[in-house]
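The block underneath contains the structure these notes are about, expressed in structure tokens.
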Amino acid sequence: MCAQELVLKQRTEILHALCSSGSAEHLERVLDILLAHGELLWEDYQNIQVLGRALYTNARWLLDLVYTKGVDTCEHFLTALKQVLPEEQGAALSFSGCCLNLEKREESQSTSTQTLLTHRPSLVSKLQGCIDGALEALVVSGHFNSGDCNEVRLPVHTPSQQARCLLDHVRSKGESAAKVVLHYIEQKQQSGSPLNQEKLTPPKEFLKYQKKLSSSVSAQSCFLSTYGGTSHMSLDDIYTEGQLELAHDCADVHGPLGLEDIVGTVGTVSEEADTVLVSGEAGSGKSTLVQRLHLLWARGAALQDFLLLFPFSCRRLNSEQRELSVQELLFQHCCWPDREQEEIFQFILDHPHLILFTFDGLDELKQSFSDEHRLCCPTQRAPVHILLFNLIQGSLMKGVWKVVTSRPEAVGPLLKKHLRKEVSLKGFSPSGINCFVRKHHSDPTVAAKILESLQTNTALLGLCHSPVLCWIVSQCHKELLGCGEGSLQTITDVYVMILQHFLQHQSPLKSNMGLGWLQEHLKTVLRLGQLAFEGIGTTCYVFSCTDLETCGITDKDICMGFLIQSKDMSSTHSKRYEFLHVTMQCFFAALYLVLSTNTDRSAILKLFEPQDMRDTGLTSRCFGACLPSTDQQGQVLGGEATAAETPNLQITATFVSGLLSQRHRNLWLHCCPSALMEKKVKQVSRCLSKGMQKHFKSIPQPVAGEKKSMHAMPDFVWLIKCIYEMQESKIAKDAISKLEVDHLKLTYCNIGPVECTALAYVLQYLRNPVGLQLDNNSVGDVGVEQLLPCMHICNSLYLRNNNITDEGIRKLIAKGIQCDNFRKIALFNNKLTDACTQHFSHLLKTKQDFLSLRLGNNNITAEGAKQLAEGLRFNHSLQFLGLWGNKIGDAGAEALASALENSKTLVWLSLVGNGVGSAGASALANIIKNSTSLEEIWLTQNCITRTGVECLIQALEHNTRVKSIWLRNNDLSLEEPLTELTLIKDHRSSLP
């Protein structure tokens, strides 16, 4: 088999070998060799090594390129691969027939710049230990400035990447700079200085400590730690990537983000800051993601530019009552040095850029972030939360990288100003759900049945985008497969299922527990519920044995599996416990509120307290009337509101709503007096109704001539979710009936598939059609499907930047065609291709009252434009057509022009940034000439020359209605004054 066939046959294995470690080192070394031997041109290298692009994507580009270059290049590639890969990794690949000698390449070099390429592998190796000296020589010679040096020294670069970056910069500076570097290396060799030895040589005790810390981190990370480390499951076997997105727009991002991008340069907002925030909703997989980073570092598979990694859990830091210094925080809470503690800590202080801290669960810290108490001395003692806040803002240990996870609600402007960047974790994609379920079940038949069940229940599929809910569904597969199609609809349904699952496992002789299963275990549930309830009220998530005894919790209660022993790397604390997941604690707190007869009647009212009341600092007293009035608890409850409190109270309230729904009343039928339950149901109903009315009353009066609109306040989506959990159509109708707006705006509200399900359930009862704006959320294809029940009430739908694909559009349009009110849609910046245009074409043909179609910044080409044109020919209503930032070119523009040239309705057309040239402009001139309705056309950022512009000008002579044609940034010379010109019909006389 020839080398080219081997590359194709082993493509998957090669990709895994190059990328599975999470480090780009193997790929970069292969590229070095291929560049040196002339198998890759410099342009090829730049096309592969695109900044910000995922490692796997770069590797695929290389494989595609190598294959197209033929047999010889494939032979060089396989030989380089064999040379680069460790022996155990290379064993899985076949290198037969590849016997090339890549050690030397006898070739005359005419220039120093060429020498940099042909000797690149050895130069990278030689420069790693003397980067600073080489940079100094380049600065002295005048070839480099401080900015060039800073780019090379970026802390996210490994030593080898710094060497490559230096060589790349030198190449761009020209021949004289290349000579300086080669002369510097030659001088170092002549002086006998070892070039390949790092200047930085850590002390022997530091290296011992590094090994001990790595071993500790590996031991803590190798098994899944969330969900109680169920079944001692290997993290390698179960870890499934979630969807990572930058929390802000970034032009450099192409494709999905990977783990290596969290501490990479992509998406950097503030170069001066050291803290990266990973934000995500409860259950989105933040803790597991950080655990994966820990394990990769401990194995030497990623983050190798950091010599030490210190992992912290904010949940466990809550238990630390002592004042500590940074030194004590590191060594007591992570790993204690056997010897020379001072020497090791001094090395950390001297080389902060080589150290990484991770703080998981900032939202679970008892204190909210503050920068009032500044601290800069690493040996000064202070409360742990003050140390943490000063580390995050950079007052302490400036230069140390910190990765912090938190729920979005806990991250305010005060914290965000100290961030290097923010990355959002959006849970599982549809393929991620599939992958996780198959990893969770070794029996493929069981996995297939679960996935089939999810596909028939889209509400449940939407819930499974949250990893914790996906885990519950996988864990409770027997209950899921036996409960009938469509029976699980809400988050409460899923948690009730796992409650039953755990309790049934404690009653193995009773396979069918009937409706009395909760009554049988009521005392256990109430004891656990009291613990959870008091913990939520005091921002406590880790409990001591004393806490358990206070609530009467027995060893048998612990054996139920809802409480697990809390792990602590320092192993200095007595035994402590925590719930399987913070959402599980919220669920048990809700069970206690619903089932207990001892709670104060005002507890539910306080639970549903509006956000603005909580912001006054009254939150911490939310459960004050319900908890036993000990002095200690009174002191805790008297403190300030915390970051974790509001979101956890809201999750608890959501569960209370679900547990009080009609569908779950059989749970408490024999557990609590019916009269008391009815009172609680009425309380929740009134709270939800009043909460919604409060939002509606805050809607400002519309400006004259504009539609009345409402921008959702923070609590609006939460209230909607609570109403959905109750599954009572009357409550939904009553809550939404007083909303009288023309436009409902829910942008940047963390709307995912779960929220879409709840929104559709409630909004379907609106009395009048609205425009629904969901821009900049995470709706996705599954979320689109969840919105279909309320499509009949939407006259316009805005879904910009929501990761929607052609499949989501297929379902959306199939429903939209049937809805009389549906007239406008905007889908800017999604993942649409030509495949979606057939559905829009059908829509345009079918709905002769459709007004606006905006598909900007997608991947629509000339073929897609032609497909749209077929629908436009038969449409007699469209007023606005936006295709900004696609790739339709002249052919696409001509097709659209042919379909629209006699339109009597089109008012506005945008083809900005579509590669349209003069041929396309000439065709579009026919629309201007013939249309009786067109007012504005946007053609900026195209390739239109003077010829095309003249056609447009001539067309204006025949049309007195067109107001403007925008032609900024086209192919016009500096002498032609149309470069920044708006062509306005009323000013034709001023045109050249």
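Letters A, B, ... go to the chains of the structure tokens in the order shown; residues in each chain start at 1; ligands are counted from 1 in the same order.
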
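For Thr846 in chain A, the list of residues within 9 Å, based on only C-alpha atoms and with local chain neighbours fewer than 2 positions off taken out, reads Ile817, Ser841, His842, Leu843, Leu844, Gln848, Gly871, Phe874 and Asn875 of chain A.
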
Just all heavy atoms for this one: save the residues we selected as a compact mmCIF listing (two decimals), in the first residue's frame.
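What ended up in result-v2.txt:
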# COMPACT_ATOMS: atom_id res chain seq x y z
N ILE A 817 -44.99 28.09 7.98
CA ILE A 817 -45.87 28.19 6.81
C ILE A 817 -47.33 28.06 7.22
O ILE A 817 -48.23 28.64 6.60
CB ILE A 817 -45.48 27.13 5.77
CG1 ILE A 817 -44.17 27.55 5.09
CG2 ILE A 817 -46.57 26.91 4.74
CD1 ILE A 817 -43.60 26.53 4.16
N SER A 841 -37.19 29.20 0.14
CA SER A 841 -37.81 29.34 -1.18
C SER A 841 -39.27 28.87 -1.14
O SER A 841 -40.17 29.52 -1.67
CB SER A 841 -37.02 28.54 -2.21
OG SER A 841 -37.57 28.69 -3.49
N HIS A 842 -39.48 27.74 -0.48
CA HIS A 842 -40.83 27.21 -0.32
C HIS A 842 -41.70 28.17 0.48
O HIS A 842 -42.88 28.40 0.16
CB HIS A 842 -40.77 25.84 0.35
CG HIS A 842 -42.10 25.19 0.55
ND1 HIS A 842 -43.03 25.05 -0.46
CD2 HIS A 842 -42.68 24.65 1.67
CE1 HIS A 842 -44.11 24.44 0.01
NE2 HIS A 842 -43.92 24.20 1.30
N LEU A 843 -41.11 28.76 1.53
CA LEU A 843 -41.83 29.74 2.35
C LEU A 843 -42.27 30.93 1.50
O LEU A 843 -43.42 31.38 1.58
CB LEU A 843 -40.92 30.21 3.50
CG LEU A 843 -41.42 31.39 4.34
CD1 LEU A 843 -42.54 30.94 5.27
CD2 LEU A 843 -40.27 32.00 5.14
N LEU A 844 -41.35 31.46 0.68
CA LEU A 844 -41.66 32.63 -0.14
C LEU A 844 -42.74 32.33 -1.18
O LEU A 844 -43.58 33.18 -1.48
CB LEU A 844 -40.38 33.12 -0.83
CG LEU A 844 -39.32 33.71 0.10
CD1 LEU A 844 -38.00 33.89 -0.62
CD2 LEU A 844 -39.78 35.04 0.69
N GLN A 848 -47.76 34.54 0.82
CA GLN A 848 -47.77 35.76 0.03
C GLN A 848 -47.99 37.01 0.88
O GLN A 848 -48.30 38.08 0.35
CB GLN A 848 -48.84 35.66 -1.05
CG GLN A 848 -48.52 34.65 -2.14
CD GLN A 848 -47.20 34.94 -2.84
OE1 GLN A 848 -46.88 36.10 -3.13
NE2 GLN A 848 -46.40 33.90 -3.11
N GLY A 871 -37.92 31.12 -5.25
CA GLY A 871 -39.05 31.50 -4.41
C GLY A 871 -39.43 32.95 -4.60
O GLY A 871 -40.62 33.31 -4.59
N PHE A 874 -41.95 34.06 -7.34
CA PHE A 874 -43.39 33.84 -7.12
C PHE A 874 -43.92 34.61 -5.92
O PHE A 874 -45.09 34.49 -5.59
CB PHE A 874 -43.65 32.35 -6.93
CG PHE A 874 -43.32 31.53 -8.14
CD1 PHE A 874 -42.07 30.91 -8.24
CD2 PHE A 874 -44.22 31.39 -9.18
CE1 PHE A 874 -41.75 30.15 -9.36
CE2 PHE A 874 -43.90 30.63 -10.29
CZ PHE A 874 -42.66 30.00 -10.39
N ASN A 875 -43.03 35.37 -5.26
CA ASN A 875 -43.47 36.10 -4.07
C ASN A 875 -43.85 37.53 -4.43
O ASN A 875 -43.13 38.21 -5.17
CB ASN A 875 -42.36 36.11 -3.02
CG ASN A 875 -42.78 36.81 -1.75
OD1 ASN A 875 -42.63 38.02 -1.62
ND2 ASN A 875 -43.32 36.04 -0.81

Secondary structure check, strand (DSSP E) residues of range 236-359 of chain A, as a ChimeraX atom specification: /A:244-246,275-279,308-313,323-324,355-359

Write the residues of the preceding selection, restricted to N, CA, C and O atoms, as a CSV table (one decimal), in the first residue's frame.
chain,number,residue,atom,x,y,z
A,244,LEU,N,-18.2,25.2,24.1
A,244,LEU,CA,-17.5,26.4,24.6
A,244,LEU,C,-17.7,27.6,23.7
A,244,LEU,O,-17.4,27.4,22.5
A,245,GLU,N,-18.0,28.7,24.2
A,245,GLU,CA,-18.1,29.9,23.3
A,245,GLU,C,-17.5,31.1,24.1
A,245,GLU,O,-17.6,31.2,25.3
A,246,LEU,N,-17.0,32.0,23.3
A,246,LEU,CA,-16.5,33.3,23.9
A,246,LEU,C,-17.8,34.1,24.3
A,246,LEU,O,-18.7,34.1,23.5
A,275,THR,N,-6.9,36.6,34.8
A,275,THR,CA,-8.0,35.7,35.2
A,275,THR,C,-8.9,35.4,34.0
A,275,THR,O,-9.4,36.3,33.4
A,276,VAL,N,-9.1,34.1,33.8
A,276,VAL,CA,-10.1,33.6,32.8
A,276,VAL,C,-11.3,33.1,33.5
A,276,VAL,O,-11.2,32.2,34.4
A,277,LEU,N,-12.5,33.5,33.1
A,277,LEU,CA,-13.7,33.1,33.7
A,277,LEU,C,-14.4,32.1,32.8
A,277,LEU,O,-14.6,32.3,31.6
A,278,VAL,N,-14.8,30.9,33.3
A,278,VAL,CA,-15.6,29.9,32.6
A,278,VAL,C,-17.0,30.0,33.3
A,278,VAL,O,-17.1,29.5,34.4
A,279,SER,N,-17.9,30.5,32.6
A,279,SER,CA,-19.3,30.7,33.1
A,279,SER,C,-20.2,29.7,32.5
A,279,SER,O,-20.1,29.3,31.4
A,308,LEU,N,3.4,24.4,37.8
A,308,LEU,CA,2.6,24.0,38.9
A,308,LEU,C,1.1,24.4,38.7
A,308,LEU,O,0.9,25.4,38.1
A,309,LEU,N,0.2,23.5,39.1
A,309,LEU,CA,-1.2,23.8,39.0
A,309,LEU,C,-1.8,23.5,40.4
A,309,LEU,O,-1.7,22.5,40.9
A,310,PHE,N,-2.4,24.6,40.9
A,310,PHE,CA,-3.1,24.5,42.3
A,310,PHE,C,-4.6,24.5,42.1
A,310,PHE,O,-5.1,25.6,41.7
A,311,PRO,N,-5.3,23.4,42.4
A,311,PRO,CA,-6.8,23.4,42.2
A,311,PRO,C,-7.5,23.7,43.6
A,311,PRO,O,-7.1,23.2,44.6
A,312,PHE,N,-8.5,24.6,43.5
A,312,PHE,CA,-9.3,24.9,44.7
A,312,PHE,C,-10.8,24.8,44.4
A,312,PHE,O,-11.2,25.0,43.3
A,313,SER,N,-11.5,24.3,45.4
A,313,SER,CA,-12.9,24.3,45.3
A,313,SER,C,-13.5,25.4,46.3
A,313,SER,O,-13.2,25.4,47.5
A,323,GLU,N,-7.6,32.7,59.2
A,323,GLU,CA,-6.9,33.6,58.3
A,323,GLU,C,-5.6,33.0,57.8
A,323,GLU,O,-4.9,32.4,58.6
A,324,LEU,N,-5.4,33.0,56.5
A,324,LEU,CA,-4.2,32.4,56.0
A,324,LEU,C,-3.5,33.4,55.1
A,324,LEU,O,-4.0,34.3,54.6
A,355,ILE,N,2.8,29.4,36.8
A,355,ILE,CA,1.9,28.9,37.8
A,355,ILE,C,0.5,29.1,37.4
A,355,ILE,O,0.1,30.2,36.9
A,356,LEU,N,-0.4,28.1,37.7
A,356,LEU,CA,-1.8,28.2,37.3
A,356,LEU,C,-2.6,27.8,38.6
A,356,LEU,O,-2.4,26.8,39.2
A,357,PHE,N,-3.6,28.7,38.9
A,357,PHE,CA,-4.6,28.4,40.0
A,357,PHE,C,-5.9,28.2,39.3
A,357,PHE,O,-6.3,28.9,38.3
A,358,THR,N,-6.7,27.2,39.8
A,358,THR,CA,-8.1,27.1,39.4
A,358,THR,C,-9.0,27.2,40.6
A,358,THR,O,-8.7,26.6,41.6
A,359,PHE,N,-10.1,28.0,40.5
A,359,PHE,CA,-11.1,28.1,41.5
A,359,PHE,C,-12.4,27.7,41.0
A,359,PHE,O,-13.0,28.4,40.2

Non-local contacts of range 520-534 of chain A (7 Å; only C-alpha atoms; under 6 positions in same chain excluded) as a VMD selection string: chain A and resid 551 to 553 557 585 to 586 588 to 589 591 to 592 596 627

Only all heavy atoms, please: the residues just picked out, written as a PDB file, in the first residue's frame.
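Output (result-v3.pdb):
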ATOM      1  N   CYS A 551     -29.690  17.523  62.224  1.00  0.00           N
ATOM      2  CA  CYS A 551     -30.890  17.227  61.432  1.00  0.00           C
ATOM      3  C   CYS A 551     -31.350  15.781  61.622  1.00  0.00           C
ATOM      4  O   CYS A 551     -32.313  15.344  60.965  1.00  0.00           O
ATOM      5  CB  CYS A 551     -30.623  17.493  59.950  1.00  0.00           C
ATOM      6  SG  CYS A 551     -30.328  19.233  59.576  1.00  0.00           S
ATOM      7  N   GLY A 552     -30.673  15.043  62.487  1.00  0.00           N
ATOM      8  CA  GLY A 552     -31.072  13.667  62.764  1.00  0.00           C
ATOM      9  C   GLY A 552     -30.746  12.676  61.680  1.00  0.00           C
ATOM     10  O   GLY A 552     -31.346  11.591  61.604  1.00  0.00           O
ATOM     11  N   ILE A 553     -29.792  13.012  60.819  1.00  0.00           N
ATOM     12  CA  ILE A 553     -29.450  12.134  59.696  1.00  0.00           C
ATOM     13  C   ILE A 553     -28.632  10.943  60.189  1.00  0.00           C
ATOM     14  O   ILE A 553     -27.633  11.100  60.898  1.00  0.00           O
ATOM     15  CB  ILE A 553     -28.687  12.916  58.610  1.00  0.00           C
ATOM     16  CG1 ILE A 553     -29.637  13.943  57.973  1.00  0.00           C
ATOM     17  CG2 ILE A 553     -28.123  11.991  57.541  1.00  0.00           C
ATOM     18  CD1 ILE A 553     -28.979  14.874  56.991  1.00  0.00           C
ATOM     19  N   ASP A 557     -29.527   6.902  56.236  1.00  0.00           N
ATOM     20  CA  ASP A 557     -29.884   8.009  55.348  1.00  0.00           C
ATOM     21  C   ASP A 557     -28.742   8.312  54.379  1.00  0.00           C
ATOM     22  O   ASP A 557     -28.962   8.564  53.186  1.00  0.00           O
ATOM     23  CB  ASP A 557     -30.209   9.268  56.161  1.00  0.00           C
ATOM     24  CG  ASP A 557     -31.430   9.083  57.048  1.00  0.00           C
ATOM     25  OD1 ASP A 557     -32.290   8.251  56.710  1.00  0.00           O
ATOM     26  OD2 ASP A 557     -31.519   9.774  58.086  1.00  0.00           O
ATOM     27  N   GLN A 585     -29.272  19.408  46.033  1.00  0.00           N
ATOM     28  CA  GLN A 585     -29.529  20.056  47.314  1.00  0.00           C
ATOM     29  C   GLN A 585     -30.754  20.974  47.207  1.00  0.00           C
ATOM     30  O   GLN A 585     -31.607  20.999  48.109  1.00  0.00           O
ATOM     31  CB  GLN A 585     -28.307  20.868  47.758  1.00  0.00           C
ATOM     32  CG  GLN A 585     -28.487  21.516  49.126  1.00  0.00           C
ATOM     33  CD  GLN A 585     -27.209  22.170  49.627  1.00  0.00           C
ATOM     34  OE1 GLN A 585     -26.120  21.909  49.128  1.00  0.00           O
ATOM     35  NE2 GLN A 585     -27.332  23.035  50.627  1.00  0.00           N
ATOM     36  N   CYS A 586     -30.858  21.706  46.110  1.00  0.00           N
ATOM     37  CA  CYS A 586     -32.019  22.575  45.896  1.00  0.00           C
ATOM     38  C   CYS A 586     -33.306  21.750  45.820  1.00  0.00           C
ATOM     39  O   CYS A 586     -34.355  22.169  46.338  1.00  0.00           O
ATOM     40  CB  CYS A 586     -31.848  23.386  44.610  1.00  0.00           C
ATOM     41  SG  CYS A 586     -30.507  24.585  44.651  1.00  0.00           S
ATOM     42  N   PHE A 588     -33.921  18.817  47.275  1.00  0.00           N
ATOM     43  CA  PHE A 588     -34.302  18.355  48.616  1.00  0.00           C
ATOM     44  C   PHE A 588     -34.812  19.507  49.478  1.00  0.00           C
ATOM     45  O   PHE A 588     -35.713  19.320  50.305  1.00  0.00           O
ATOM     46  CB  PHE A 588     -33.125  17.640  49.290  1.00  0.00           C
ATOM     47  CG  PHE A 588     -33.104  16.168  49.026  1.00  0.00           C
ATOM     48  CD1 PHE A 588     -32.400  15.644  47.963  1.00  0.00           C
ATOM     49  CD2 PHE A 588     -33.836  15.296  49.818  1.00  0.00           C
ATOM     50  CE1 PHE A 588     -32.393  14.279  47.697  1.00  0.00           C
ATOM     51  CE2 PHE A 588     -33.849  13.931  49.571  1.00  0.00           C
ATOM     52  CZ  PHE A 588     -33.130  13.425  48.500  1.00  0.00           C
ATOM     53  N   ALA A 589     -34.258  20.699  49.304  1.00  0.00           N
ATOM     54  CA  ALA A 589     -34.784  21.861  50.015  1.00  0.00           C
ATOM     55  C   ALA A 589     -36.232  22.117  49.610  1.00  0.00           C
ATOM     56  O   ALA A 589     -37.084  22.438  50.450  1.00  0.00           O
ATOM     57  CB  ALA A 589     -33.928  23.090  49.726  1.00  0.00           C
ATOM     58  N   LEU A 591     -38.327  19.795  48.463  1.00  0.00           N
ATOM     59  CA  LEU A 591     -39.127  18.719  49.059  1.00  0.00           C
ATOM     60  C   LEU A 591     -39.485  19.052  50.507  1.00  0.00           C
ATOM     61  O   LEU A 591     -40.616  18.818  50.957  1.00  0.00           O
ATOM     62  CB  LEU A 591     -38.345  17.399  49.004  1.00  0.00           C
ATOM     63  CG  LEU A 591     -38.310  16.669  47.663  1.00  0.00           C
ATOM     64  CD1 LEU A 591     -37.265  15.553  47.691  1.00  0.00           C
ATOM     65  CD2 LEU A 591     -39.679  16.086  47.309  1.00  0.00           C
ATOM     66  N   TYR A 592     -38.529  19.597  51.214  1.00  0.00           N
ATOM     67  CA  TYR A 592     -38.778  19.956  52.611  1.00  0.00           C
ATOM     68  C   TYR A 592     -39.836  21.052  52.713  1.00  0.00           C
ATOM     69  O   TYR A 592     -40.747  20.995  53.554  1.00  0.00           O
ATOM     70  CB  TYR A 592     -37.469  20.414  53.254  1.00  0.00           C
ATOM     71  CG  TYR A 592     -37.581  20.698  54.733  1.00  0.00           C
ATOM     72  CD1 TYR A 592     -37.733  19.671  55.659  1.00  0.00           C
ATOM     73  CD2 TYR A 592     -37.532  22.012  55.210  1.00  0.00           C
ATOM     74  CE1 TYR A 592     -37.839  19.928  57.019  1.00  0.00           C
ATOM     75  CE2 TYR A 592     -37.640  22.277  56.570  1.00  0.00           C
ATOM     76  CZ  TYR A 592     -37.802  21.229  57.471  1.00  0.00           C
ATOM     77  OH  TYR A 592     -37.907  21.487  58.817  1.00  0.00           O
ATOM     78  N   SER A 596     -42.951  19.309  54.496  1.00  0.00           N
ATOM     79  CA  SER A 596     -42.865  19.516  55.934  1.00  0.00           C
ATOM     80  C   SER A 596     -44.053  20.330  56.440  1.00  0.00           C
ATOM     81  O   SER A 596     -44.508  21.274  55.786  1.00  0.00           O
ATOM     82  CB  SER A 596     -41.562  20.239  56.290  1.00  0.00           C
ATOM     83  OG  SER A 596     -41.529  20.534  57.669  1.00  0.00           O
ATOM     84  N   LEU A 627     -36.141  28.699  59.948  1.00  0.00           N
ATOM     85  CA  LEU A 627     -35.057  27.928  60.551  1.00  0.00           C
ATOM     86  C   LEU A 627     -35.105  28.001  62.071  1.00  0.00           C
ATOM     87  O   LEU A 627     -35.573  28.991  62.636  1.00  0.00           O
ATOM     88  CB  LEU A 627     -33.708  28.478  60.069  1.00  0.00           C
ATOM     89  CG  LEU A 627     -33.454  28.358  58.560  1.00  0.00           C
ATOM     90  CD1 LEU A 627     -32.170  29.091  58.214  1.00  0.00           C
ATOM     91  CD2 LEU A 627     -33.354  26.904  58.153  1.00  0.00           C
TER      92      LEU A 627
END

Which neighbours of range 23-32 of chain A fall inside 10 Å, counting only C-alpha atoms, when residues of the same chain fewer than 3 positions from it are skipped, and could you give them as an mmCIF file with C-alpha atoms, in the first residue's frame?
data_model
loop_
_atom_site.group_PDB
_atom_site.id
_atom_site.type_symbol
_atom_site.label_atom_id
_atom_site.label_comp_id
_atom_site.auth_asym_id
_atom_site.auth_seq_id
_atom_site.Cartn_x
_atom_site.Cartn_y
_atom_site.Cartn_z
ATOM 1 C CA LEU A 15 -5.633 12.716 13.998
ATOM 2 C CA ALA A 17 -2.100 10.664 17.641
ATOM 3 C CA LEU A 18 -1.517 14.324 16.750
ATOM 4 C CA CYS A 19 -4.226 15.882 18.910
ATOM 5 C CA SER A 20 -5.479 13.618 21.685
ATOM 6 C CA LEU A 35 8.869 23.004 6.076
ATOM 7 C CA ALA A 36 12.564 22.183 6.409
ATOM 8 C CA HIS A 37 12.397 19.606 3.603
ATOM 9 C CA GLU A 39 7.279 19.643 1.331
ATOM 10 C CA LEU A 40 5.294 22.622 2.629
ATOM 11 C CA ASP A 44 0.843 26.272 3.324
ATOM 12 C CA TYR A 45 2.139 26.584 6.886
ATOM 13 C CA ILE A 48 -2.665 25.423 8.604
ATOM 14 C CA GLN A 49 -1.544 27.331 11.704
ATOM 15 C CA ALA A 54 -9.109 24.329 17.082
ATOM 16 C CA LEU A 55 -6.180 21.897 17.152
ATOM 17 C CA TYR A 56 -8.136 19.118 15.416
ATOM 18 C CA ASN A 58 -5.496 22.497 11.985
ATOM 19 C CA ALA A 59 -4.518 18.816 11.888
ATOM 20 C CA LEU A 62 -2.569 19.357 7.197
ATOM 21 C CA HIS A 76 7.763 12.558 4.107
ATOM 22 C CA PHE A 77 4.759 13.146 6.339
ATOM 23 C CA LEU A 78 4.612 9.570 7.662
ATOM 24 C CA THR A 79 8.365 9.544 8.235
ATOM 25 C CA ALA A 80 8.144 12.822 10.154
ATOM 26 C CA LEU A 81 5.228 11.438 12.151
ATOM 27 C CA LYS A 82 7.243 8.354 13.093
ATOM 28 C CA GLN A 83 10.111 10.569 14.182
ATOM 29 C CA VAL A 84 7.910 12.868 16.306
ATOM 30 C CA LEU A 85 5.468 10.503 18.018
ATOM 31 C CA PRO A 86 6.383 8.599 21.190
ATOM 32 C CA LEU A 117 13.423 27.213 7.056
ATOM 33 C CA THR A 118 15.722 24.341 6.123
ATOM 34 C CA HIS A 119 17.179 24.073 9.630
ATOM 35 C CA ARG A 120 13.934 24.914 11.449
ATOM 36 C CA PRO A 121 13.656 21.711 13.587
ATOM 37 C CA SER A 122 17.174 22.040 14.990
ATOM 38 C CA LEU A 123 16.872 25.824 15.420
ATOM 39 C CA VAL A 124 13.660 25.405 17.450
ATOM 40 C CA THR A 158 5.507 26.781 25.599
ATOM 41 C CA SER A 160 9.174 25.495 21.779
ATOM 42 C CA GLN A 161 6.286 27.714 20.676
ATOM 43 C CA ARG A 164 8.854 29.078 16.607
ATOM 44 C CA LEU A 259 -9.953 23.051 26.160
ATOM 45 C CA GLU A 260 -6.592 24.444 25.099
ATOM 46 C CA LEU A 296 -4.342 16.642 31.400
ATOM 47 C CA GLY A 300 1.822 16.151 30.935
ATOM 48 C CA ALA A 301 -0.695 16.150 28.093
ATOM 49 C CA ALA A 302 -1.674 19.844 28.215
ATOM 50 C CA LEU A 303 -0.896 23.161 29.935
ATOM 51 C CA GLN A 304 2.780 22.254 30.027
#

Residue contacts of Gln662 in chain A (8 Å, only C-alpha atoms) excluding same-chain residues fewer than 3 positions away, as number ranges by chain: A: 665, 726-728

Å distance separating CA of Ala897 in chain A from CA of Phe840 in chain A, one decimal place: 17.2 Å

Could you list, as a PDB file with C-alpha atoms, in the first residue's frame, every residue within 8 Å of range 917-926 of chain A, counting only C-alpha atoms and ignoring same-chain residues fewer than 2 positions away?
ATOM      1  CA  GLY A 889     -20.769  36.383  -5.775  1.00  0.00           C
ATOM      2  CA  ASP A 890     -21.783  37.683  -9.191  1.00  0.00           C
ATOM      3  CA  ALA A 891     -23.727  34.559 -10.112  1.00  0.00           C
ATOM      4  CA  GLY A 892     -25.852  34.792  -6.985  1.00  0.00           C
ATOM      5  CA  ALA A 893     -26.416  38.529  -7.420  1.00  0.00           C
ATOM      6  CA  GLU A 894     -27.489  37.999 -11.021  1.00  0.00           C
ATOM      7  CA  ALA A 897     -31.612  40.507  -9.670  1.00  0.00           C
ATOM      8  CA  SER A 898     -33.442  38.471 -12.299  1.00  0.00           C
ATOM      9  CA  GLU A 901     -36.200  43.230 -11.140  1.00  0.00           C
ATOM     10  CA  GLY A 915     -17.886  39.138  -3.329  1.00  0.00           C
ATOM     11  CA  ILE A 928     -33.087  49.955  -9.497  1.00  0.00           C
ATOM     12  CA  LYS A 929     -34.265  50.797 -12.990  1.00  0.00           C
ATOM     13  CA  ASN A 930     -37.535  48.830 -12.874  1.00  0.00           C
ATOM     14  CA  ASN A 942     -17.710  44.035  -2.400  1.00  0.00           C
ATOM     15  CA  CYS A 943     -15.555  44.000  -5.547  1.00  0.00           C
ATOM     16  CA  ILE A 944     -17.465  46.494  -7.703  1.00  0.00           C
ATOM     17  CA  THR A 945     -15.319  48.580 -10.066  1.00  0.00           C
ATOM     18  CA  ARG A 946     -16.052  51.864 -11.824  1.00  0.00           C
ATOM     19  CA  THR A 947     -17.865  49.985 -14.604  1.00  0.00           C
ATOM     20  CA  GLY A 948     -20.398  48.544 -12.197  1.00  0.00           C
ATOM     21  CA  VAL A 949     -20.853  51.879 -10.444  1.00  0.00           C
ATOM     22  CA  CYS A 951     -24.359  51.040 -14.416  1.00  0.00           C
ATOM     23  CA  LEU A 952     -25.895  51.857 -11.042  1.00  0.00           C
ATOM     24  CA  ALA A 955     -30.147  53.097 -13.464  1.00  0.00           C
TER      25      ALA A 955
END
